[in-house]
$ cat data.txt   # compact mmCIF, C-alpha atoms and all ligand atoms
# COMPACT_ATOMS: atom_id res chain seq x y z
CA MET A 1 18.49 17.92 -18.06
CA LYS A 2 18.52 18.80 -14.42
CA LYS A 3 19.01 15.50 -12.72
CA LYS A 4 20.31 17.05 -9.55
CA MET A 5 17.25 19.17 -9.28
CA ILE A 6 15.01 16.17 -9.78
CA SER A 7 16.64 14.14 -7.06
CA MET A 8 16.54 17.09 -4.70
CA MET A 9 12.89 17.51 -5.50
CA LEU A 10 12.22 13.87 -4.72
CA CYS A 11 13.93 14.13 -1.36
CA ALA A 12 11.66 17.01 -0.55
CA VAL A 13 8.71 14.98 -1.70
CA MET A 14 9.59 12.03 0.48
CA THR A 15 9.98 14.25 3.50
CA ALA A 16 6.71 15.90 2.70
CA ALA A 17 5.04 12.51 2.30
CA MET A 18 6.23 11.47 5.70
CA VAL A 19 4.91 14.67 7.17
CA ALA A 20 1.59 14.07 5.47
CA GLY A 21 1.62 10.50 6.74
CA CYS A 22 1.92 11.92 10.24
CA GLY A 23 -1.25 13.87 9.69
CA SER A 24 0.13 17.37 9.13
CA LYS A 25 -2.56 19.99 9.01
CA GLU A 26 -0.60 22.47 6.94
CA ALA A 27 -1.67 23.84 3.60
CA GLU A 28 -5.30 23.10 3.08
CA PRO A 29 -6.31 25.19 0.11
CA ASN A 30 -8.93 22.74 -0.99
CA GLU A 31 -11.39 22.28 1.79
CA ALA A 32 -13.81 19.95 0.12
CA PRO A 33 -16.81 18.20 1.56
CA ALA A 34 -16.03 14.80 2.92
CA ALA A 35 -16.46 11.77 0.78
CA GLY A 36 -19.88 10.25 0.40
CA SER A 37 -20.44 6.98 -1.28
CA ASP A 38 -23.12 7.78 -3.82
CA VAL A 39 -20.83 7.99 -6.79
CA GLU A 40 -21.91 8.24 -10.36
CA GLU A 41 -20.35 6.24 -13.13
CA ASP A 42 -17.58 8.00 -14.96
CA ALA A 43 -16.94 10.76 -12.47
CA GLU A 44 -15.72 13.75 -14.43
CA ALA A 45 -14.00 16.59 -12.67
CA PRO A 46 -12.65 19.81 -14.10
CA ALA A 47 -9.19 20.97 -13.22
CA GLU A 48 -5.97 19.10 -13.45
CA THR A 49 -4.30 20.08 -10.22
CA GLY A 50 -6.98 19.10 -7.83
CA ALA A 51 -9.33 22.03 -7.50
CA PRO A 52 -12.60 20.74 -6.09
CA ALA A 53 -15.33 20.12 -8.60
CA GLU A 54 -18.01 22.78 -8.85
CA GLU A 55 -20.96 20.78 -7.78
CA THR A 56 -20.49 18.85 -4.58
CA GLU A 57 -22.67 16.14 -3.30
CA GLY A 58 -21.20 15.23 0.06
CA GLU A 59 -23.47 15.64 3.02
CA GLY A 60 -20.73 17.29 4.97
CA GLU A 61 -19.72 14.30 7.04
CA ALA A 62 -17.63 11.42 5.87
CA GLU A 63 -19.65 8.27 5.47
CA VAL A 64 -16.52 6.21 5.45
CA SER A 65 -17.33 3.74 8.14
CA GLU A 66 -17.80 0.06 8.75
CA GLY A 67 -20.45 -1.52 6.60
CA GLY A 68 -20.15 1.25 4.01
CA THR A 69 -18.64 1.42 0.58
CA LEU A 70 -15.08 2.58 0.03
CA VAL A 71 -14.89 4.27 -3.36
CA MET A 72 -11.55 4.03 -5.15
CA ALA A 73 -10.76 6.32 -8.05
CA THR A 74 -8.29 4.98 -10.59
CA ASN A 75 -7.28 4.99 -14.24
CA ALA A 76 -7.41 1.37 -15.26
CA TYR A 77 -4.98 1.35 -18.17
CA PHE A 78 -1.87 0.80 -16.12
CA GLU A 79 -0.99 -2.88 -16.00
CA PRO A 80 0.07 -4.45 -13.62
CA TYR A 81 -1.35 -1.93 -11.12
CA GLU A 82 -4.85 -1.56 -12.58
CA TYR A 83 -6.25 -2.92 -15.81
CA TYR A 84 -9.28 -4.64 -17.25
CA GLU A 85 -9.69 -8.39 -17.36
CA GLY A 86 -12.99 -8.61 -19.21
CA ASP A 87 -15.13 -6.03 -17.45
CA GLN A 88 -13.33 -6.49 -14.13
CA ILE A 89 -10.63 -4.10 -12.95
CA VAL A 90 -7.78 -6.18 -11.53
CA GLY A 91 -4.15 -5.56 -10.60
CA ILE A 92 -1.95 -4.77 -7.61
CA ASP A 93 -3.81 -1.59 -6.64
CA ALA A 94 -7.24 -3.16 -7.03
CA GLU A 95 -6.32 -6.14 -4.83
CA MET A 96 -4.50 -4.06 -2.27
CA ALA A 97 -7.43 -1.64 -2.01
CA ALA A 98 -9.82 -4.57 -1.61
CA ALA A 99 -7.66 -5.86 1.23
CA VAL A 100 -7.63 -2.40 2.85
CA ALA A 101 -11.42 -2.14 2.47
CA GLU A 102 -11.81 -5.54 4.08
CA LYS A 103 -9.71 -4.41 7.06
CA LEU A 104 -12.05 -1.42 7.38
CA GLY A 105 -15.11 -3.67 7.18
CA MET A 106 -16.14 -1.94 3.97
CA GLU A 107 -16.90 -2.94 0.43
CA LEU A 108 -14.63 -1.66 -2.33
CA GLN A 109 -16.14 0.06 -5.34
CA ILE A 110 -13.76 1.01 -8.16
CA GLU A 111 -14.42 4.02 -10.39
CA ASP A 112 -12.37 4.27 -13.59
CA MET A 113 -11.61 7.78 -14.86
CA GLU A 114 -8.91 9.86 -16.55
CA PHE A 115 -5.76 9.99 -14.45
CA ASP A 116 -5.95 13.76 -13.99
CA SER A 117 -9.55 13.48 -12.70
CA ILE A 118 -8.57 11.33 -9.71
CA ILE A 119 -7.50 14.08 -7.30
CA PRO A 120 -10.48 16.31 -8.19
CA ALA A 121 -12.76 13.28 -7.63
CA ILE A 122 -11.30 12.81 -4.15
CA ASN A 123 -11.65 16.47 -3.30
CA SER A 124 -15.23 16.68 -4.50
CA GLY A 125 -16.21 13.64 -2.44
CA LYS A 126 -16.92 11.50 -5.48
CA ALA A 127 -14.24 9.08 -4.32
CA ASP A 128 -12.71 8.26 -0.94
CA ILE A 129 -9.29 7.07 -2.06
CA GLY A 130 -7.15 7.44 -5.17
CA VAL A 131 -5.17 4.29 -5.94
CA ALA A 132 -3.54 4.49 -9.33
CA GLY A 133 0.17 3.82 -9.12
CA MET A 134 0.11 7.40 -7.97
CA THR A 135 3.45 8.92 -7.09
CA VAL A 136 3.78 11.10 -4.02
CA THR A 137 4.77 14.57 -5.27
CA GLU A 138 5.04 17.94 -3.63
CA ASP A 139 2.44 19.45 -5.95
CA ARG A 140 -0.12 16.75 -5.19
CA LEU A 141 0.53 17.09 -1.47
CA VAL A 142 -0.85 20.62 -1.70
CA ASN A 143 -4.23 19.15 -2.67
CA VAL A 144 -4.40 15.73 -1.00
CA ASN A 145 -2.80 13.67 1.73
CA PHE A 146 -0.97 10.47 0.91
CA SER A 147 -0.88 7.26 2.92
CA ASN A 148 2.48 5.75 3.72
CA PRO A 149 4.03 4.47 0.48
CA TYR A 150 3.25 0.86 -0.46
CA THR A 151 5.86 0.40 -3.18
CA THR A 152 8.53 2.14 -5.22
CA ALA A 153 8.83 2.56 -8.96
CA THR A 154 11.06 4.28 -11.48
CA GLN A 155 10.42 6.39 -14.54
CA VAL A 156 11.99 4.83 -17.61
CA ILE A 157 12.41 5.75 -21.26
CA ILE A 158 10.98 3.63 -24.06
CA VAL A 159 12.40 4.04 -27.58
CA GLN A 160 12.32 2.22 -30.90
CA GLU A 161 14.90 -0.56 -31.10
CA GLY A 162 17.14 1.27 -33.58
CA SER A 163 16.88 4.64 -31.85
CA GLU A 164 19.86 6.94 -31.46
CA ILE A 165 18.55 7.78 -27.99
CA ALA A 166 20.72 5.75 -25.62
CA GLY A 167 20.29 7.64 -22.37
CA ASN A 168 18.46 10.44 -20.63
CA ASP A 169 20.72 13.17 -22.03
CA ASP A 170 19.89 12.17 -25.60
CA LEU A 171 16.28 13.26 -25.09
CA GLU A 172 17.24 16.88 -25.65
CA GLY A 173 15.24 18.40 -28.52
CA LYS A 174 13.23 15.21 -29.05
CA ILE A 175 9.49 14.57 -29.19
CA ILE A 176 8.53 12.85 -25.95
CA GLY A 177 5.19 11.12 -25.31
CA VAL A 178 3.72 10.90 -21.82
CA GLN A 179 0.43 10.14 -20.09
CA LEU A 180 -1.26 13.46 -19.31
CA GLY A 181 -0.75 14.73 -15.77
CA THR A 182 1.68 12.00 -14.70
CA THR A 183 5.15 12.39 -13.28
CA GLY A 184 6.50 11.33 -16.70
CA ASP A 185 4.81 14.49 -17.99
CA ILE A 186 6.50 16.58 -15.29
CA PHE A 187 9.95 15.13 -15.98
CA ALA A 188 9.57 15.58 -19.73
CA GLU A 189 9.05 19.27 -19.04
CA ASP A 190 12.56 19.38 -17.62
CA VAL A 191 14.14 18.15 -20.85
CA THR A 192 15.75 20.97 -22.80
CA ASP A 193 13.99 21.89 -26.05
CA ALA A 194 11.81 18.79 -26.01
CA THR A 195 8.32 18.73 -27.50
CA ILE A 196 5.85 16.94 -25.23
CA GLU A 197 2.93 14.98 -26.63
CA ARG A 198 0.37 14.19 -23.95
CA TYR A 199 -1.93 11.16 -24.23
CA ASN A 200 -4.84 10.05 -22.07
CA LYS A 201 -3.44 6.55 -21.82
CA GLY A 202 0.15 5.39 -21.56
CA MET A 203 -0.49 2.76 -24.23
CA ASP A 204 -1.56 5.48 -26.68
CA ALA A 205 1.85 7.13 -26.24
CA VAL A 206 3.52 3.77 -26.84
CA GLN A 207 1.41 3.25 -29.99
CA ALA A 208 2.53 6.66 -31.26
CA LEU A 209 6.12 5.63 -30.62
CA SER A 210 5.60 2.39 -32.56
CA ASN A 211 4.19 4.43 -35.43
CA GLY A 212 7.19 6.77 -35.42
CA ILE A 213 5.11 9.83 -34.48
CA ILE A 214 7.21 10.50 -31.38
CA ASP A 215 10.83 9.67 -30.40
CA ALA A 216 10.45 8.37 -26.85
CA VAL A 217 7.99 7.72 -24.02
CA ILE A 218 8.66 8.45 -20.35
CA ILE A 219 6.55 6.23 -18.11
CA ASP A 220 6.62 4.04 -15.01
CA ASN A 221 8.82 0.95 -15.25
CA GLU A 222 6.31 -1.87 -14.72
CA PRO A 223 3.64 -0.57 -17.13
CA ALA A 224 6.53 0.14 -19.55
CA LYS A 225 7.43 -3.57 -19.53
CA GLN A 226 3.82 -4.52 -20.22
CA PHE A 227 3.42 -2.00 -23.04
CA VAL A 228 6.71 -2.96 -24.70
CA SER A 229 5.83 -6.66 -24.55
CA LYS A 230 2.61 -5.89 -26.45
CA ALA A 231 4.23 -3.76 -29.15
CA GLU A 232 6.78 -4.55 -31.84
CA GLY A 233 10.33 -3.19 -32.07
CA LEU A 234 10.48 -1.20 -28.84
CA LYS A 235 12.91 -1.32 -25.93
CA ILE A 236 13.34 0.20 -22.47
CA LEU A 237 16.61 2.04 -21.84
CA ASP A 238 18.71 0.76 -18.93
CA GLU A 239 19.24 4.20 -17.47
CA GLU A 240 16.38 4.99 -15.14
CA PHE A 241 15.06 8.49 -14.90
CA VAL A 242 14.13 8.78 -11.27
CA THR A 243 12.80 6.68 -8.37
CA GLU A 244 9.36 7.37 -6.95
CA GLU A 245 7.02 6.13 -4.26
CA TYR A 246 3.41 5.09 -4.81
CA ALA A 247 0.83 5.84 -2.13
CA ILE A 248 -2.93 6.12 -1.64
CA ALA A 249 -4.37 9.63 -2.03
CA ILE A 250 -7.02 10.79 0.45
CA ALA A 251 -8.79 14.13 0.91
CA LYS A 252 -7.09 16.61 3.24
CA ASP A 253 -10.16 16.84 5.45
CA ASN A 254 -10.43 13.09 5.85
CA GLU A 255 -7.68 12.46 8.36
CA GLY A 256 -9.69 9.74 10.06
CA LEU A 257 -9.63 7.70 6.89
CA LEU A 258 -5.92 8.43 6.37
CA GLU A 259 -5.19 6.97 9.78
CA LYS A 260 -7.35 3.88 9.16
CA VAL A 261 -5.75 3.28 5.76
CA ASN A 262 -2.25 3.62 7.21
CA THR A 263 -3.07 1.15 9.97
CA ALA A 264 -4.50 -1.29 7.43
CA LEU A 265 -1.42 -0.91 5.20
CA GLU A 266 0.85 -1.52 8.19
CA GLU A 267 -0.98 -4.75 9.04
CA LEU A 268 -1.08 -5.89 5.43
CA THR A 269 2.64 -5.22 5.11
CA ALA A 270 3.47 -6.99 8.37
CA ASP A 271 1.55 -10.15 7.47
CA GLY A 272 3.02 -10.28 3.95
CA THR A 273 -0.25 -9.61 2.11
CA ILE A 274 1.04 -6.61 0.14
CA GLN A 275 4.17 -8.45 -0.95
CA SER A 276 2.21 -11.48 -2.07
CA ILE A 277 -0.14 -9.29 -4.12
CA ILE A 278 2.87 -7.62 -5.77
CA ASP A 279 4.52 -11.01 -6.41
CA LYS A 280 1.35 -12.27 -8.03
CA TYR A 281 1.50 -9.54 -10.67
CA ILE A 282 5.24 -8.85 -10.98
CA THR A 283 7.47 -11.83 -11.53
CA ALA A 284 11.14 -11.30 -10.72
CA GLU A 285 13.38 -11.52 -13.78
N1 LIG B 301 3.26 7.19 -11.25
C1 LIG B 301 2.81 8.16 -12.22
C2 LIG B 301 2.17 9.32 -11.53
O1 LIG B 301 1.78 9.23 -10.41
C3 LIG B 301 1.88 7.58 -13.25
C4 LIG B 301 0.63 6.99 -12.70
C5 LIG B 301 -0.36 6.64 -13.78
N2 LIG B 301 -1.37 5.78 -13.25
C6 LIG B 301 -2.45 5.30 -13.92
N3 LIG B 301 -3.25 4.51 -13.28
N4 LIG B 301 -2.64 5.60 -15.17
O2 LIG B 301 2.03 10.38 -12.09

$ encode --input "data.txt" --output "structure tokens"
Amino acid sequence: MKKKMISMMLCAVMTAAMVAGCGSKEAEPNEAPAAGSDVEEDAEAPAETGAPAEETEGEGEAEVSEGGTLVMATNAYFEPYEYYEGDQIVGIDAEMAAAVAEKLGMELQIEDMEFDSIIPAINSGKADIGVAGMTVTEDRLVNVNFSNPYTTATQVIIVQEGSEIAGNDDLEGKIIGVQLGTTGDIFAEDVTDATIERYNKGMDAVQALSNGIIDAVIIDNEPAKQFVSKAEGLKILDEEFVTEEYAIAIAKDNEGLLEKVNTALEELTADGTIQSIIDKYITAE
């Protein structure tokens, strides 16, 4: 395992995120039409790394303005950040995005999709913002801008209670489950001789672990706690994999919205709103 490399990479990512937060105009390979708000249910987009979807339906100008609808793309199987309560999507991201929308004088509309469809949805104009416990990474910064981070998280390892895997180094040669296209997926690729099983939902990976189909799951710490509490005989290893920052993804050509979102986040941080939303969903141990 190349822990040094990972931490170096993250430093680069944080720097890059700050640059993006300052509205850098570098690297814009994916000039996509600006976001409109007529979004279909179940937005499906093709590629994993953010290439714009073939058909585009933006009218060329961003309709993200007061009185309009702010469309949030997410993957709502990621408690406590986004998950279903009945047919409602709730969670930290959902509430925070609603608070941001309110600051912008807009109405929030949440679109649930596969995690790896979120960036393509933003770039095709099907969504205005991606809020999905999404980690700022260098690769994603090629395709989208990120707001200033609103929280930090860590990647952790889940194993069966009796597992011989006691730390990160024991993952070598093992079968690791991840959610497709997440940072857990990226870090699993760094593990020597590991086999990676990719699932559409984190919980599906955890199910496979419960059933003994895989040896470990790499996933974000808070969802990990939720998943483990709902399964039998699993535990989270103490050793954390890496620390990350979550931020809101916005199309490269929508710098006006990036600025508005950052201002809203600043205000919501200053008046304690963000912290109280987090505290509502994550209780300190
Ligand atoms: N933080 C990880 C990432 O950005 C996982 C996010 C998964 N989010 C979700 N809503 N399923 O890759």

$ residues_near_ligand --input "data.txt" --ligand "ligand LIG 301 (chain B)" --cutoff "6 Å" --atoms "all atoms listed in the file" --output "JSON, numbers by chain"
{"A": [74, 75, 76, 77, 78, 115, 132, 133, 134, 135, 182, 183, 220]}

$ closest_residue --input "data.txt" --among "A:Asn262, A:Asn254, A:Thr243, A:Thr283" --to "Thr137 (chain A)" --atoms "only C-alpha atoms"
A:Thr243

$ residues_near_point --input "data.txt" --point "(-10.9, 8.3, -10.9)" --cutoff "9 Å" --atoms "only C-alpha atoms" --output "PDB file with C-alpha atoms, in the coordinates of the input"
ATOM      1  CA  ASP A  42     -17.580   8.000 -14.960  1.00  0.00           C
ATOM      2  CA  ALA A  43     -16.940  10.760 -12.470  1.00  0.00           C
ATOM      3  CA  GLU A  44     -15.720  13.750 -14.430  1.00  0.00           C
ATOM      4  CA  MET A  72     -11.550   4.030  -5.150  1.00  0.00           C
ATOM      5  CA  ALA A  73     -10.760   6.320  -8.050  1.00  0.00           C
ATOM      6  CA  THR A  74      -8.290   4.980 -10.590  1.00  0.00           C
ATOM      7  CA  ASN A  75      -7.280   4.990 -14.240  1.00  0.00           C
ATOM      8  CA  ALA A  76      -7.410   1.370 -15.260  1.00  0.00           C
ATOM      9  CA  ILE A 110     -13.760   1.010  -8.160  1.00  0.00           C
ATOM     10  CA  GLU A 111     -14.420   4.020 -10.390  1.00  0.00           C
ATOM     11  CA  ASP A 112     -12.370   4.270 -13.590  1.00  0.00           C
ATOM     12  CA  MET A 113     -11.610   7.780 -14.860  1.00  0.00           C
ATOM     13  CA  GLU A 114      -8.910   9.860 -16.550  1.00  0.00           C
ATOM     14  CA  PHE A 115      -5.760   9.990 -14.450  1.00  0.00           C
ATOM     15  CA  ASP A 116      -5.950  13.760 -13.990  1.00  0.00           C
ATOM     16  CA  SER A 117      -9.550  13.480 -12.700  1.00  0.00           C
ATOM     17  CA  ILE A 118      -8.570  11.330  -9.710  1.00  0.00           C
ATOM     18  CA  ILE A 119      -7.500  14.080  -7.300  1.00  0.00           C
ATOM     19  CA  PRO A 120     -10.480  16.310  -8.190  1.00  0.00           C
ATOM     20  CA  ALA A 121     -12.760  13.280  -7.630  1.00  0.00           C
ATOM     21  CA  ILE A 122     -11.300  12.810  -4.150  1.00  0.00           C
ATOM     22  CA  LYS A 126     -16.920  11.500  -5.480  1.00  0.00           C
ATOM     23  CA  ALA A 127     -14.240   9.080  -4.320  1.00  0.00           C
ATOM     24  CA  GLY A 130      -7.150   7.440  -5.170  1.00  0.00           C
ATOM     25  CA  VAL A 131      -5.170   4.290  -5.940  1.00  0.00           C
ATOM     26  CA  ALA A 132      -3.540   4.490  -9.330  1.00  0.00           C
TER      27      ALA A 132
END

$ atom_distance --input "data.txt" --atom1 "CA of Gly167 (chain A)" --atom2 "CA of Ile236 (chain A)"
10.2 Å

$ atom_distance --input "data.txt" --atom1 "CA of Ser276 (chain A)" --atom2 "CA of Asn148 (chain A)"
18.2 Å

$ atom_distance --input "data.txt" --atom1 "CA of Ala264 (chain A)" --atom2 "CA of Met106 (chain A)"
12.2 Å

$ residues_around --input "data.txt" --residues "region 102-104 of chain A" --least-positions-apart "2" --cutoff "9 Å" --atoms "all atoms listed in the file" --output "PyMOL selection string"
chain A and resi 65-67+70+97-100+106-108+260-261+264+267-268

$ axis_aligned_box --input "data.txt" --around "region 208-218 of chain A" --padding-each-side "6 Å" --output "AutoDock Vina command-line options"
--center_x 6.7 --center_y 6.4 --center_z -27.9 --size_x 20.3 --size_y 20.1 --size_z 27.1

$ residues_near_point --input "data.txt" --point "(9.7, 4.1, -29.7)" --cutoff "6 Å" --atoms "all atoms listed in the file" --output "short mmCIF file (atom, residue, chain, number, x, y, z; two decimals) with C-alpha atoms, in the coordinates of the input"
data_model
loop_
_atom_site.label_atom_id
_atom_site.label_comp_id
_atom_site.auth_asym_id
_atom_site.auth_seq_id
_atom_site.Cartn_x
_atom_site.Cartn_y
_atom_site.Cartn_z
CA ILE A 158 10.98 3.63 -24.06
CA VAL A 159 12.40 4.04 -27.58
CA GLN A 160 12.32 2.22 -30.90
CA LEU A 209 6.12 5.63 -30.62
CA SER A 210 5.60 2.39 -32.56
CA ASP A 215 10.83 9.67 -30.40
CA ALA A 216 10.45 8.37 -26.85
CA LEU A 234 10.48 -1.20 -28.84
#

$ closest_residue --input "data.txt" --among "A:Ile214, A:Val242, A:Ala208, A:Ile129" --to "Val156 (chain A)" --atoms "all atoms listed in the file"
A:Val242

$ closest_residue --input "data.txt" --among "A:Gly125, A:Gly86, A:Gly91, A:Gly68" --to "Ile250 (chain A)" --atoms "only C-alpha atoms"
A:Gly125

$ closest_residue --input "data.txt" --among "A:Tyr150, A:Ile176, A:Glu245, A:Pro223" --to "Ala270 (chain A)" --atoms "all atoms listed in the file"
A:Tyr150

$ closest_residue --input "data.txt" --among "A:Glu197, A:Asp128, A:Glu82, A:Glu164" --to "Ala101 (chain A)" --atoms "all atoms listed in the file"
A:Asp128

$ closest_residue --input "data.txt" --among "A:Ser229, A:Asn200, A:Thr195, A:Thr263" --to "Gln179 (chain A)" --atoms "all atoms listed in the file"
A:Asn200

$ residues_around --input "data.txt" --residues "Ala188 (chain A)" --least-positions-apart "4" --cutoff "8 Å" --atoms "all atoms listed in the file" --output "PyMOL selection string"
chain A and resi 176+178+184+194+196+218

$ residues_around --input "data.txt" --residues "Phe241 (chain A)" --least-positions-apart "4" --cutoff "9 Å" --atoms "only C-alpha atoms" --output "PDB file with C-alpha atoms, keeping the file's coordinate frame"
ATOM      1  CA  LYS A   3      19.010  15.500 -12.720  1.00  0.00           C
ATOM      2  CA  THR A 154      11.060   4.280 -11.480  1.00  0.00           C
ATOM      3  CA  GLN A 155      10.420   6.390 -14.540  1.00  0.00           C
ATOM      4  CA  VAL A 156      11.990   4.830 -17.610  1.00  0.00           C
ATOM      5  CA  ILE A 157      12.410   5.750 -21.260  1.00  0.00           C
ATOM      6  CA  ASN A 168      18.460  10.440 -20.630  1.00  0.00           C
ATOM      7  CA  PHE A 187       9.950  15.130 -15.980  1.00  0.00           C
ATOM      8  CA  ILE A 218       8.660   8.450 -20.350  1.00  0.00           C
TER       9      ILE A 218
END
